[in-house]
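Shown here: model02.pdb, PDB, C-alpha atoms.
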```pdb
MODEL        1
ATOM      1  CA  ALA A   1     143.451 102.705  92.213
ATOM      2  CA  GLN A   2     146.726 101.445  93.562
ATOM      3  CA  SER A   3     147.052  97.689  93.370
ATOM      4  CA  VAL A   4     149.444  94.781  93.520
ATOM      5  CA  THR A   5     148.730  91.702  91.427
ATOM      6  CA  GLN A   6     150.145  88.237  91.853
ATOM      7  CA  PRO A   7     148.712  86.288  88.928
ATOM      8  CA  ASP A   8     149.607  82.829  90.223
ATOM      9  CA  ILE A   9     147.651  81.539  93.206
ATOM     10  CA  HIS A  10     149.630  78.287  93.394
ATOM     11  CA  ILE A  11     153.025  77.324  91.996
ATOM     12  CA  THR A  12     154.535  73.834  92.214
ATOM     13  CA  VAL A  13     158.198  73.195  91.542
ATOM     14  CA  SER A  14     160.535  70.288  92.181
ATOM     15  CA  GLU A  15     163.177  70.566  94.831
ATOM     16  CA  GLY A  16     166.354  71.888  93.254
ATOM     17  CA  ALA A  17     164.532  73.555  90.380
ATOM     18  CA  SER A  18     164.529  77.277  89.753
ATOM     19  CA  LEU A  19     161.648  79.485  90.809
ATOM     20  CA  GLU A  20     160.073  82.683  89.582
ATOM     21  CA  LEU A  21     157.046  84.266  91.245
ATOM     22  CA  ARG A  22     155.365  87.079  89.372
ATOM     23  CA  CYS A  23     154.249  90.431  90.707
ATOM     24  CA  ASN A  24     152.849  93.480  88.942
ATOM     25  CA  TYR A  25     151.940  96.786  90.486
ATOM     26  CA  SER A  26     149.726  99.641  89.428
ATOM     27  CA  TYR A  27     150.727 102.979  90.897
ATOM     28  CA  GLY A  28     151.065 106.493  89.573
ATOM     29  CA  ALA A  29     154.740 106.585  90.456
ATOM     30  CA  THR A  30     157.113 103.776  91.381
ATOM     31  CA  PRO A  31     156.359 102.751  94.948
ATOM     32  CA  TYR A  32     158.637 100.990  97.359
ATOM     33  CA  LEU A  33     158.401  97.271  96.610
ATOM     34  CA  PHE A  34     158.706  94.273  98.906
ATOM     35  CA  TRP A  35     158.493  90.505  98.993
ATOM     36  CA  TYR A  36     157.380  88.777 102.188
ATOM     37  CA  VAL A  37     157.136  85.091 103.059
ATOM     38  CA  GLN A  38     154.582  83.592 105.424
ATOM     39  CA  SER A  39     154.956  80.077 106.779
ATOM     40  CA  PRO A  40     152.186  78.330 108.748
ATOM     41  CA  GLY A  41     152.127  79.616 112.303
ATOM     42  CA  GLN A  42     154.781  82.206 111.536
ATOM     43  CA  GLY A  43     154.568  85.916 111.047
ATOM     44  CA  LEU A  44     155.306  87.592 107.756
ATOM     45  CA  GLN A  45     159.032  87.831 107.138
ATOM     46  CA  LEU A  46     160.602  90.353 104.801
ATOM     47  CA  LEU A  47     162.682  88.689 102.074
ATOM     48  CA  LEU A  48     163.832  91.796 100.239
ATOM     49  CA  LYS A  49     162.894  95.328  99.298
ATOM     50  CA  TYR A  50     163.467  97.777  96.477
ATOM     51  CA  PHE A  51     163.607 101.515  96.941
ATOM     52  CA  SER A  52     165.774 102.796  94.107
ATOM     53  CA  GLY A  53     169.073 102.169  92.372
ATOM     54  CA  ASP A  54     170.162  98.734  91.227
ATOM     55  CA  THR A  55     167.148  96.960  89.747
ATOM     56  CA  LEU A  56     168.343  93.522  90.875
ATOM     57  CA  VAL A  57     167.846  93.190  94.605
ATOM     58  CA  GLN A  58     169.359  90.460  96.753
ATOM     59  CA  GLY A  59     167.476  89.188  99.741
ATOM     60  CA  ILE A  60     167.674  86.603 102.452
ATOM     61  CA  LYS A  61     167.506  82.821 101.970
ATOM     62  CA  GLY A  62     169.012  83.052  98.478
ATOM     63  CA  PHE A  63     166.132  85.021  96.950
ATOM     64  CA  GLU A  64     166.471  87.895  94.525
ATOM     65  CA  ALA A  65     164.022  90.117  92.694
ATOM     66  CA  GLU A  66     164.251  92.235  89.590
ATOM     67  CA  PHE A  67     162.462  95.543  89.206
ATOM     68  CA  LYS A  68     161.361  96.312  85.654
ATOM     69  CA  ARG A  69     159.815  99.752  85.345
ATOM     70  CA  SER A  70     158.674  99.214  81.751
ATOM     71  CA  GLN A  71     156.651  96.176  82.788
ATOM     72  CA  SER A  72     155.614  97.456  86.241
ATOM     73  CA  SER A  73     156.916  94.166  87.574
ATOM     74  CA  PHE A  74     158.926  92.976  90.533
ATOM     75  CA  ASN A  75     159.370  89.225  90.100
ATOM     76  CA  LEU A  76     160.944  87.063  92.768
ATOM     77  CA  ARG A  77     163.484  84.412  91.799
ATOM     78  CA  LYS A  78     165.551  81.671  93.350
ATOM     79  CA  PRO A  79     167.954  79.498  91.360
ATOM     80  CA  SER A  80     167.388  76.307  93.362
ATOM     81  CA  VAL A  81     164.507  75.799  95.779
ATOM     82  CA  HIS A  82     164.648  73.761  98.959
ATOM     83  CA  TRP A  83     161.759  71.901 100.590
ATOM     84  CA  SER A  84     161.818  74.488 103.370
ATOM     85  CA  ASP A  85     160.849  77.203 100.868
ATOM     86  CA  ALA A  86     157.289  75.860 100.748
ATOM     87  CA  ALA A  87     155.219  78.769 102.056
ATOM     88  CA  GLU A  88     153.020  81.633 100.916
ATOM     89  CA  TYR A  89     154.752  84.561  99.272
ATOM     90  CA  PHE A  90     153.372  88.073  99.182
ATOM     91  CA  CYS A  91     154.434  90.926  96.984
ATOM     92  CA  ALA A  92     153.721  94.348  98.459
ATOM     93  CA  ALA A  93     154.064  97.985  97.561
ATOM     94  CA  GLU A  94     154.178 101.061  99.745
ATOM     95  CA  ASP A  95     153.416 104.619  98.777
ATOM     96  CA  ASP A  96     151.416 105.917 101.689
ATOM     97  CA  LYS A  97     150.684 102.529 103.266
ATOM     98  CA  ILE A  98     151.547  98.940 102.395
ATOM     99  CA  ILE A  99     149.275  97.190  99.903
ATOM    100  CA  PHE A 100     149.752  93.452  99.604
ATOM    101  CA  GLY A 101     149.002  91.148  96.715
ATOM    102  CA  LYS A 102     146.814  88.115  97.302
ATOM    103  CA  GLY A 103     149.774  85.819  97.604
ATOM    104  CA  THR A 104     151.241  82.832  95.788
ATOM    105  CA  ARG A 105     151.405  79.512  97.586
ATOM    106  CA  LEU A 106     154.560  77.623  96.716
ATOM    107  CA  HIS A 107     154.522  73.828  96.794
ATOM    108  CA  ILE A 108     157.738  71.834  96.549
ATOM    109  CA  LEU A 109     157.849  68.334  95.054
ATOM    110  CA  PRO A 110     160.504  66.012  96.509
TER
ATOM    111  CA  ASP B 111     163.909  91.394 122.327
ATOM    112  CA  THR B 112     162.128  88.413 120.831
ATOM    113  CA  GLY B 113     160.025  90.291 118.314
ATOM    114  CA  VAL B 114     156.380  91.239 118.023
ATOM    115  CA  SER B 115     154.059  89.108 120.121
ATOM    116  CA  GLN B 116     150.303  88.735 119.924
ATOM    117  CA  ASP B 117     147.844  87.261 122.361
ATOM    118  CA  PRO B 118     145.838  85.119 122.066
ATOM    119  CA  ARG B 119     147.013  83.147 119.066
ATOM    120  CA  HIS B 120     143.569  81.704 118.504
ATOM    121  CA  LYS B 121     140.141  82.883 119.559
ATOM    122  CA  ILE B 122     136.790  81.212 118.961
ATOM    123  CA  THR B 123     133.758  83.262 119.862
ATOM    124  CA  LYS B 124     130.061  83.276 119.255
ATOM    125  CA  ARG B 125     128.442  85.866 117.068
ATOM    126  CA  GLY B 126     127.518  88.949 119.035
ATOM    127  CA  GLN B 127     130.249  88.591 121.623
ATOM    128  CA  ASN B 128     133.033  91.125 122.135
ATOM    129  CA  VAL B 129     136.682  90.140 121.716
ATOM    130  CA  THR B 130     139.943  91.907 122.488
ATOM    131  CA  PHE B 131     143.376  91.152 121.102
ATOM    132  CA  ARG B 132     146.705  92.360 122.372
ATOM    133  CA  CYS B 133     149.899  93.209 120.533
ATOM    134  CA  ASP B 134     153.275  93.817 122.120
ATOM    135  CA  PRO B 135     155.634  95.469 119.646
ATOM    136  CA  ILE B 136     159.407  95.468 119.638
ATOM    137  CA  SER B 137     160.262  97.697 122.570
ATOM    138  CA  GLU B 138     161.995 100.598 120.839
ATOM    139  CA  HIS B 139     159.501 100.770 117.972
ATOM    140  CA  ASN B 140     157.201 103.757 118.013
ATOM    141  CA  ARG B 141     155.027 102.729 115.043
ATOM    142  CA  LEU B 142     152.440  99.995 115.460
ATOM    143  CA  TYR B 143     150.150  98.669 112.739
ATOM    144  CA  TRP B 144     147.114  96.399 112.630
ATOM    145  CA  TYR B 145     146.195  94.352 109.564
ATOM    146  CA  ARG B 146     143.480  91.838 108.786
ATOM    147  CA  GLN B 147     144.073  88.798 106.594
ATOM    148  CA  THR B 148     141.232  86.651 105.313
ATOM    149  CA  LEU B 149     141.617  83.303 103.619
ATOM    150  CA  GLY B 150     143.173  83.575 100.198
ATOM    151  CA  GLN B 151     143.986  87.242 100.583
ATOM    152  CA  GLY B 152     146.969  89.300 101.531
ATOM    153  CA  PRO B 153     146.958  91.386 104.686
ATOM    154  CA  GLU B 154     144.828  94.536 104.553
ATOM    155  CA  PHE B 155     145.722  97.635 106.495
ATOM    156  CA  LEU B 156     143.379  98.541 109.354
ATOM    157  CA  THR B 157     145.057 101.256 111.411
ATOM    158  CA  TYR B 158     148.348 102.485 112.773
ATOM    159  CA  PHE B 159     149.774 104.343 115.754
ATOM    160  CA  GLN B 160     152.700 106.670 116.153
ATOM    161  CA  ASN B 161     153.454 106.296 119.851
ATOM    162  CA  GLU B 162     150.033 106.597 121.504
ATOM    163  CA  ALA B 163     148.404 108.581 118.700
ATOM    164  CA  GLN B 164     146.178 106.743 116.241
ATOM    165  CA  LEU B 165     147.055 108.474 112.973
ATOM    166  CA  GLU B 166     145.040 106.639 110.355
ATOM    167  CA  LYS B 167     142.127 104.255 110.162
ATOM    168  CA  SER B 168     141.036 102.302 107.118
ATOM    169  CA  ARG B 169     137.440 102.377 105.979
ATOM    170  CA  LEU B 170     137.577  98.630 106.714
ATOM    171  CA  LEU B 171     137.592  99.547 110.392
ATOM    172  CA  SER B 172     133.881  99.809 111.117
ATOM    173  CA  ASP B 173     132.539 101.459 114.254
ATOM    174  CA  ARG B 174     132.483  98.031 115.916
ATOM    175  CA  PHE B 175     136.274  98.046 115.878
ATOM    176  CA  SER B 176     138.390 100.119 118.205
ATOM    177  CA  ALA B 177     142.124 100.153 118.756
ATOM    178  CA  GLU B 178     144.157 101.740 121.489
ATOM    179  CA  ARG B 179     147.781 102.170 122.410
ATOM    180  CA  PRO B 180     147.450 103.946 125.726
ATOM    181  CA  LYS B 181     151.073 104.309 126.752
ATOM    182  CA  GLY B 182     152.697 104.048 123.383
ATOM    183  CA  SER B 183     153.787 100.489 124.058
ATOM    184  CA  PHE B 184     151.327  97.587 123.682
ATOM    185  CA  SER B 185     148.125  97.940 121.714
ATOM    186  CA  THR B 186     144.686  96.379 121.901
ATOM    187  CA  LEU B 187     142.171  95.784 119.152
ATOM    188  CA  GLU B 188     138.595  95.279 120.273
ATOM    189  CA  ILE B 189     135.751  94.027 118.121
ATOM    190  CA  GLN B 190     132.278  94.529 119.523
ATOM    191  CA  ARG B 191     129.240  92.483 118.542
ATOM    192  CA  THR B 192     131.291  90.135 116.395
ATOM    193  CA  GLU B 193     129.913  88.924 113.074
ATOM    194  CA  GLN B 194     130.867  85.856 111.070
ATOM    195  CA  GLY B 195     132.521  88.138 108.530
ATOM    196  CA  ASP B 196     134.998  89.190 111.197
ATOM    197  CA  SER B 197     136.573  85.730 111.077
ATOM    198  CA  ALA B 198     140.136  86.349 109.941
ATOM    199  CA  MET B 199     143.750  86.498 111.023
ATOM    200  CA  TYR B 200     144.555  89.785 112.746
ATOM    201  CA  LEU B 201     148.187  90.769 112.334
ATOM    202  CA  CYS B 202     150.164  93.331 114.233
ATOM    203  CA  ALA B 203     153.401  94.877 113.047
ATOM    204  CA  SER B 204     155.804  97.435 114.429
ATOM    205  CA  SER B 205     158.550  99.596 113.012
ATOM    206  CA  LEU B 206     161.149 101.956 114.338
ATOM    207  CA  SER B 207     159.623 104.933 112.623
ATOM    208  CA  GLY B 208     157.463 105.896 109.700
ATOM    209  CA  GLY B 209     158.344 105.470 106.059
ATOM    210  CA  ALA B 210     159.102 102.511 103.861
ATOM    211  CA  GLN B 211     162.799 102.562 104.733
ATOM    212  CA  TYR B 212     161.884 101.260 108.186
ATOM    213  CA  GLU B 213     160.992  97.592 108.013
ATOM    214  CA  GLN B 214     157.736  96.483 109.556
ATOM    215  CA  TYR B 215     158.174  93.426 111.765
ATOM    216  CA  PHE B 216     155.100  91.242 111.964
ATOM    217  CA  GLY B 217     153.753  89.193 114.829
ATOM    218  CA  PRO B 218     152.375  85.650 114.394
ATOM    219  CA  GLY B 219     148.799  86.896 114.335
ATOM    220  CA  THR B 220     145.599  86.138 116.204
ATOM    221  CA  ARG B 221     143.210  83.868 114.341
ATOM    222  CA  LEU B 222     139.606  84.747 115.108
ATOM    223  CA  THR B 223     136.765  82.357 114.362
ATOM    224  CA  VAL B 224     133.232  83.622 114.867
ATOM    225  CA  THR B 225     130.640  80.854 115.051
TER
ENDMDL
END
```

Please go through the file and, once you have read it, give me the structure as structure tokens.
Amino acid sequence: AQSVTQPDIHITVSEGASLELRCNYSYGATPYLFWYVQSPGQGLQLLLKYFSGDTLVQGIKGFEAEFKRSQSSFNLRKPSVHWSDAAEYFCAAEDDKIIFGKGTRLHILP
Amino acid sequence: DTGVSQDPRHKITKRGQNVTFRCDPISEHNRLYWYRQTLGQGPEFLTYFQNEAQLEKSRLLSDRFSAERPKGSFSTLEIQRTEQGDSAMYLCASSLSGGAQYEQYFGPGTRLTVT
């Protein structure tokens, strides 16, 4: 069955530190891949998406993600996090419809 | 346009009551989606519309759930005879057209609590 796995439920990093959130997908063929962010009281916001081509994708708010076919992964990275990045992050894949992972909640230490 | 809006933002109801939620998509978007998000989970697809036509329904959408988009603009999601397991955030999204190349824009959600 098609699935998206985010192995980390919670991640805590210090402000200014680098961040990597993990995502693995299980699909027969490479789906379209997305990262969304959800802040309390806010709707889901698309950070970036991968369809094809360059495996390093730049997104909004300084985020980037790297697609690795051999590892079926699409990890999200940011070189230096800000306190405002504290939120829940969802990896998602779309073949026929969007399937979301369970999310990773990011906590930022001052 | 200010984006996708949903009403109400919060709803508390007693078990067995009926509830209806509304979603107003971005005006030029002809695709409209409903998702359900429970605590600790990502959103799960429920159903979607292309204009006024409901094209797909998830098996999660039991016969107590019904969705409409009568004029191809706003949509309603009704839950009849609510159960405690229906407590969740109900998200609406819209997109310009079908396919992953068209970004889905999400509303803030309606949080339903069934007591």

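Using all atoms listed in the file, the nearest neighbour of Tyr89 in chain A within the list B:Gln127, B:Gln151, B:Thr192, B:Thr112 is B:Gln151.
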
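Going from CA of Gly209 in chain B over to CA of Phe155 in chain B, you cover 14.9 Å.
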
Nearby residues (all atoms listed in the file) at most 7 Å from range 70-85 of chain A, same-chain spacing under 3 positions excluded, as a ChimeraX atom specification: /A:15-25,62-67,108

Would you export the selected residues with C-alpha atoms as a short mmCIF file (atom, residue, chain, number, x, y, z; two decimals), in the coordinates of the input, please?
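Output file result-v2.cif is given in full below:
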```cif
data_model
loop_
_atom_site.label_atom_id
_atom_site.label_comp_id
_atom_site.auth_asym_id
_atom_site.auth_seq_id
_atom_site.Cartn_x
_atom_site.Cartn_y
_atom_site.Cartn_z
CA GLU A 15 163.18 70.57 94.83
CA GLY A 16 166.35 71.89 93.25
CA ALA A 17 164.53 73.56 90.38
CA SER A 18 164.53 77.28 89.75
CA LEU A 19 161.65 79.48 90.81
CA GLU A 20 160.07 82.68 89.58
CA LEU A 21 157.05 84.27 91.24
CA ARG A 22 155.36 87.08 89.37
CA CYS A 23 154.25 90.43 90.71
CA ASN A 24 152.85 93.48 88.94
CA TYR A 25 151.94 96.79 90.49
CA GLY A 62 169.01 83.05 98.48
CA PHE A 63 166.13 85.02 96.95
CA GLU A 64 166.47 87.90 94.52
CA ALA A 65 164.02 90.12 92.69
CA GLU A 66 164.25 92.24 89.59
CA PHE A 67 162.46 95.54 89.21
CA ILE A 108 157.74 71.83 96.55
#
```

Step by step, work through what the PyMOL selection byres ((chain B) within 8 of (chain A)) selects in the shown file, and finish by giving those residues as a short mmCIF file (atom, residue, chain, number, x, y, z; two decimals) with C-alpha atoms, in the frame of the given file.
```
data_model
loop_
_atom_site.label_atom_id
_atom_site.label_comp_id
_atom_site.auth_asym_id
_atom_site.auth_seq_id
_atom_site.Cartn_x
_atom_site.Cartn_y
_atom_site.Cartn_z
CA GLY B 150 143.17 83.58 100.20
CA GLN B 151 143.99 87.24 100.58
CA GLY B 152 146.97 89.30 101.53
CA PRO B 153 146.96 91.39 104.69
CA GLU B 154 144.83 94.54 104.55
CA PHE B 155 145.72 97.64 106.50
CA ALA B 210 159.10 102.51 103.86
CA GLN B 211 162.80 102.56 104.73
CA GLU B 213 160.99 97.59 108.01
CA TYR B 215 158.17 93.43 111.76
CA PHE B 216 155.10 91.24 111.96
CA GLY B 217 153.75 89.19 114.83
CA PRO B 218 152.38 85.65 114.39
CA GLY B 219 148.80 86.90 114.34
#
```

Centre and edges of the range 57-63 of chain A box, axis-aligned, 5 Å extra per side, as AutoDock Vina command-line options:
```
--center_x 167.7 --center_y 88.0 --center_z 98.5 --size_x 13.2 --size_y 20.4 --size_z 17.8
```

Selection result of the PyMOL selection byres ((chain B and resi 133-141) around 12) on this file, as a ChimeraX atom specification: /B:111-119,130-132,142-145,157-166,177-179,181-188,200-210,212-220

One-decimal distance in Å that lies between CA of Gln147 in chain B and CA of Tyr27 in chain A: 22.2 Å

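The two atoms in question, CA of Asp173 in chain B and CA of Ala1 in chain A, are spaced 24.6 Å apart.
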
Run the PyMOL selection byres ((chain B and resi 190) around 8) mentally over the shown coordinates, then write out the matched residues as a compact mmCIF listing (two decimals) with C-alpha atoms, in the coordinates of the input, using the chain letters and numbers from the document.
```txt
# COMPACT_ATOMS: atom_id res chain seq x y z
CA GLY B 126 127.52 88.95 119.04
CA GLN B 127 130.25 88.59 121.62
CA ASN B 128 133.03 91.12 122.14
CA VAL B 129 136.68 90.14 121.72
CA ARG B 174 132.48 98.03 115.92
CA PHE B 175 136.27 98.05 115.88
CA GLU B 188 138.60 95.28 120.27
CA ILE B 189 135.75 94.03 118.12
CA ARG B 191 129.24 92.48 118.54
CA THR B 192 131.29 90.14 116.40
```

All heavy atoms are what I want for range 26-37 of chain A; can you complete it accordingly and write them as a PDB file, keeping the file's coordinate frame?
```pdb
ATOM      1  N   SER A  26     150.359  98.540  90.142  1.00  0.00           N
ATOM      2  CA  SER A  26     149.726  99.641  89.428  1.00  0.00           C
ATOM      3  C   SER A  26     149.712 100.845  90.363  1.00  0.00           C
ATOM      4  O   SER A  26     148.944 100.884  91.340  1.00  0.00           O
ATOM      5  CB  SER A  26     148.296  99.263  89.024  1.00  0.00           C
ATOM      6  OG  SER A  26     147.635 100.369  88.423  1.00  0.00           O
ATOM      7  N   TYR A  27     150.596 101.768  90.088  1.00  0.00           N
ATOM      8  CA  TYR A  27     150.727 102.979  90.897  1.00  0.00           C
ATOM      9  C   TYR A  27     151.034 104.132  89.953  1.00  0.00           C
ATOM     10  O   TYR A  27     151.559 103.935  88.868  1.00  0.00           O
ATOM     11  CB  TYR A  27     151.897 102.848  91.891  1.00  0.00           C
ATOM     12  CG  TYR A  27     151.555 102.173  93.190  1.00  0.00           C
ATOM     13  CD1 TYR A  27     151.311 100.799  93.245  1.00  0.00           C
ATOM     14  CD2 TYR A  27     151.476 102.889  94.383  1.00  0.00           C
ATOM     15  CE1 TYR A  27     151.002 100.181  94.438  1.00  0.00           C
ATOM     16  CE2 TYR A  27     151.175 102.266  95.589  1.00  0.00           C
ATOM     17  CZ  TYR A  27     150.943 100.914  95.598  1.00  0.00           C
ATOM     18  OH  TYR A  27     150.641 100.304  96.784  1.00  0.00           O
ATOM     19  N   GLY A  28     150.750 105.343  90.398  1.00  0.00           N
ATOM     20  CA  GLY A  28     151.065 106.493  89.573  1.00  0.00           C
ATOM     21  C   GLY A  28     152.563 106.680  89.410  1.00  0.00           C
ATOM     22  O   GLY A  28     153.055 106.982  88.327  1.00  0.00           O
ATOM     23  N   ALA A  29     153.288 106.500  90.483  1.00  0.00           N
ATOM     24  CA  ALA A  29     154.740 106.585  90.456  1.00  0.00           C
ATOM     25  C   ALA A  29     155.284 105.296  91.050  1.00  0.00           C
ATOM     26  O   ALA A  29     154.543 104.544  91.691  1.00  0.00           O
ATOM     27  CB  ALA A  29     155.213 107.780  91.269  1.00  0.00           C
ATOM     28  N   THR A  30     156.545 105.020  90.855  1.00  0.00           N
ATOM     29  CA  THR A  30     157.113 103.776  91.381  1.00  0.00           C
ATOM     30  C   THR A  30     157.085 103.792  92.903  1.00  0.00           C
ATOM     31  O   THR A  30     157.663 104.673  93.532  1.00  0.00           O
ATOM     32  CB  THR A  30     158.558 103.599  90.895  1.00  0.00           C
ATOM     33  OG1 THR A  30     158.557 103.587  89.472  1.00  0.00           O
ATOM     34  CG2 THR A  30     159.135 102.304  91.423  1.00  0.00           C
ATOM     35  N   PRO A  31     156.393 102.818  93.477  1.00  0.00           N
ATOM     36  CA  PRO A  31     156.359 102.751  94.948  1.00  0.00           C
ATOM     37  C   PRO A  31     157.576 101.999  95.464  1.00  0.00           C
ATOM     38  O   PRO A  31     158.385 101.489  94.685  1.00  0.00           O
ATOM     39  CB  PRO A  31     155.086 101.948  95.194  1.00  0.00           C
ATOM     40  CG  PRO A  31     155.033 101.005  94.024  1.00  0.00           C
ATOM     41  CD  PRO A  31     155.613 101.749  92.847  1.00  0.00           C
ATOM     42  N   TYR A  32     157.701 101.929  96.759  1.00  0.00           N
ATOM     43  CA  TYR A  32     158.637 100.990  97.359  1.00  0.00           C
ATOM     44  C   TYR A  32     158.048  99.598  97.180  1.00  0.00           C
ATOM     45  O   TYR A  32     156.846  99.403  97.321  1.00  0.00           O
ATOM     46  CB  TYR A  32     158.827 101.300  98.835  1.00  0.00           C
ATOM     47  CG  TYR A  32     159.421 102.659  99.097  1.00  0.00           C
ATOM     48  CD1 TYR A  32     158.722 103.609  99.825  1.00  0.00           C
ATOM     49  CD2 TYR A  32     160.680 102.988  98.633  1.00  0.00           C
ATOM     50  CE1 TYR A  32     159.251 104.862 100.075  1.00  0.00           C
ATOM     51  CE2 TYR A  32     161.225 104.242  98.869  1.00  0.00           C
ATOM     52  CZ  TYR A  32     160.511 105.178  99.591  1.00  0.00           C
ATOM     53  OH  TYR A  32     161.030 106.408  99.840  1.00  0.00           O
ATOM     54  N   LEU A  33     158.872  98.618  96.907  1.00  0.00           N
ATOM     55  CA  LEU A  33     158.401  97.271  96.610  1.00  0.00           C
ATOM     56  C   LEU A  33     159.037  96.260  97.544  1.00  0.00           C
ATOM     57  O   LEU A  33     160.224  96.385  97.895  1.00  0.00           O
ATOM     58  CB  LEU A  33     158.712  96.912  95.157  1.00  0.00           C
ATOM     59  CG  LEU A  33     157.982  97.781  94.122  1.00  0.00           C
ATOM     60  CD1 LEU A  33     158.633  97.661  92.757  1.00  0.00           C
ATOM     61  CD2 LEU A  33     156.510  97.380  94.040  1.00  0.00           C
ATOM     62  N   PHE A  34     158.261  95.263  97.927  1.00  0.00           N
ATOM     63  CA  PHE A  34     158.706  94.273  98.906  1.00  0.00           C
ATOM     64  C   PHE A  34     158.236  92.881  98.485  1.00  0.00           C
ATOM     65  O   PHE A  34     157.242  92.719  97.800  1.00  0.00           O
ATOM     66  CB  PHE A  34     158.086  94.564 100.291  1.00  0.00           C
ATOM     67  CG  PHE A  34     158.259  95.958 100.786  1.00  0.00           C
ATOM     68  CD1 PHE A  34     157.353  96.947 100.439  1.00  0.00           C
ATOM     69  CD2 PHE A  34     159.308  96.283 101.615  1.00  0.00           C
ATOM     70  CE1 PHE A  34     157.489  98.242 100.903  1.00  0.00           C
ATOM     71  CE2 PHE A  34     159.458  97.580 102.094  1.00  0.00           C
ATOM     72  CZ  PHE A  34     158.547  98.558 101.734  1.00  0.00           C
ATOM     73  N   TRP A  35     158.961  91.879  98.973  1.00  0.00           N
ATOM     74  CA  TRP A  35     158.493  90.505  98.993  1.00  0.00           C
ATOM     75  C   TRP A  35     158.580  89.997 100.422  1.00  0.00           C
ATOM     76  O   TRP A  35     159.606  90.167 101.087  1.00  0.00           O
ATOM     77  CB  TRP A  35     159.329  89.602  98.089  1.00  0.00           C
ATOM     78  CG  TRP A  35     158.903  89.611  96.657  1.00  0.00           C
ATOM     79  CD1 TRP A  35     159.438  90.331  95.626  1.00  0.00           C
ATOM     80  CD2 TRP A  35     157.847  88.846  96.079  1.00  0.00           C
ATOM     81  NE1 TRP A  35     158.774  90.065  94.463  1.00  0.00           N
ATOM     82  CE2 TRP A  35     157.790  89.155  94.710  1.00  0.00           C
ATOM     83  CE3 TRP A  35     156.927  87.918  96.592  1.00  0.00           C
ATOM     84  CZ2 TRP A  35     156.872  88.581  93.838  1.00  0.00           C
ATOM     85  CZ3 TRP A  35     156.012  87.340  95.733  1.00  0.00           C
ATOM     86  CH2 TRP A  35     155.992  87.677  94.372  1.00  0.00           C
ATOM     87  N   TYR A  36     157.462  89.384 100.862  1.00  0.00           N
ATOM     88  CA  TYR A  36     157.380  88.777 102.188  1.00  0.00           C
ATOM     89  C   TYR A  36     157.081  87.289 102.016  1.00  0.00           C
ATOM     90  O   TYR A  36     156.448  86.869 101.042  1.00  0.00           O
ATOM     91  CB  TYR A  36     156.236  89.379 103.008  1.00  0.00           C
ATOM     92  CG  TYR A  36     156.463  90.774 103.534  1.00  0.00           C
ATOM     93  CD1 TYR A  36     156.183  91.879 102.753  1.00  0.00           C
ATOM     94  CD2 TYR A  36     156.942  90.967 104.826  1.00  0.00           C
ATOM     95  CE1 TYR A  36     156.372  93.162 103.243  1.00  0.00           C
ATOM     96  CE2 TYR A  36     157.131  92.245 105.325  1.00  0.00           C
ATOM     97  CZ  TYR A  36     156.839  93.337 104.525  1.00  0.00           C
ATOM     98  OH  TYR A  36     157.027  94.605 105.018  1.00  0.00           O
ATOM     99  N   VAL A  37     157.494  86.504 103.029  1.00  0.00           N
ATOM    100  CA  VAL A  37     157.136  85.091 103.059  1.00  0.00           C
ATOM    101  C   VAL A  37     156.380  84.815 104.352  1.00  0.00           C
ATOM    102  O   VAL A  37     156.683  85.402 105.399  1.00  0.00           O
ATOM    103  CB  VAL A  37     158.385  84.187 102.942  1.00  0.00           C
ATOM    104  CG1 VAL A  37     159.364  84.420 104.090  1.00  0.00           C
ATOM    105  CG2 VAL A  37     157.991  82.722 102.872  1.00  0.00           C
TER     106      VAL A  37
END
```
